[in-house]
Structures are given as structure tokens and as C-alpha cells.
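Working notes, structure below.
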Amino acid sequence: MFAHNHPTGNSTPSNADIRITKRLEAALNTVDISVLDHIIFGKGESASLKQLKHF
């Protein structure tokens, strides 16, 4: 599981967030490690890339 915050307060995943998550998932899959989720925290909100089906 990965997590980070967006200082702007908007938890919407950026294209860069989605790209890095997919790259990390692919790299970790080569050593049989599964990425459970990537959570982005904003001001009073959060977004799950898994729930949003970005990977």
C-alpha cells in the first residue's frame, strides 16, 4: 500500500500518480509483491486508486 498527500487539498489522483502506481505495481509484481492500494489524502478527503479502478 502506498499513500501520500496533495498539499493543494484536492485528493483527485493526477496522471503522474496513476503512472507511478502502475509502474510500482509492475515492478513489485516481478518479485511477487502485490500492491493493495494507493491512497491520496487531501484536505478532509481521500481517494483510493484501487476503488477508482486506476490499477
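By convention here, the chains of the C-alpha cells are called A, B, ... in the order presented, each chain's residues are numbered starting at 1, and ligands are numbered starting at 1 in the order presented.
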
(message) Set the distance at 12 Å and use only C-alpha atoms: which residues neighbour Leu49 in chain A once local chain neighbours fewer than 4 positions away are removed? I'd like the list as a list in words.
(response)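 My reading of the contact set: Met1, Phe2, Ala3, His4, Ser11, Thr12, Pro13, Ser14, Asn15, Asp17, Ile18, Arg19, Ile20, Thr21, Lys22, Val35, Leu36, Asp37, His38, Ile39, Ile40, Phe41, Lys53, His54 and Phe55 of chain A.
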
Saved selection, atoms kept: C-alpha atoms, as a compact mmCIF listing (two decimals), in the first residue's frame:
```txt
# COMPACT_ATOMS: atom_id res chain seq x y z
CA MET A 1 0.00 0.00 0.00
CA PHE A 2 1.20 3.45 -0.88
CA ALA A 3 -0.08 6.77 0.41
CA HIS A 4 0.73 10.42 0.04
CA SER A 11 -7.32 14.30 -3.36
CA THR A 12 -8.06 13.63 -7.04
CA PRO A 13 -5.28 11.43 -8.48
CA SER A 14 -3.10 13.15 -11.05
CA ASN A 15 -1.89 11.45 -14.21
CA ASP A 17 0.01 9.49 -9.53
CA ILE A 18 -1.63 6.91 -11.78
CA ARG A 19 1.53 6.38 -13.86
CA ILE A 20 3.81 5.85 -10.86
CA THR A 21 1.32 3.50 -9.23
CA LYS A 22 1.19 1.35 -12.36
CA VAL A 35 0.08 -3.51 -4.29
CA LEU A 36 -3.11 -3.36 -2.26
CA ASP A 37 -3.94 0.29 -2.87
CA HIS A 38 -2.61 3.81 -3.26
CA ILE A 39 -4.42 6.36 -1.12
CA ILE A 40 -4.18 10.09 -1.72
CA PHE A 41 -5.11 12.41 1.10
CA LYS A 53 -10.05 1.37 -10.82
CA HIS A 54 -6.81 3.05 -11.87
CA PHE A 55 -4.90 -0.22 -11.49
```

(request) List every residue of chain A that DSSP, applied to the backbone, labels as strand (DSSP E or B), and write the result as a ChimeraX atom specification. (result) /A:2-5,38-41,46-48

(request) Mind listing the helix (DSSP H, G or I) residues of range 3-50 of chain A, per DSSP on the backbone, as a ChimeraX atom specification? (result) /A:15-29
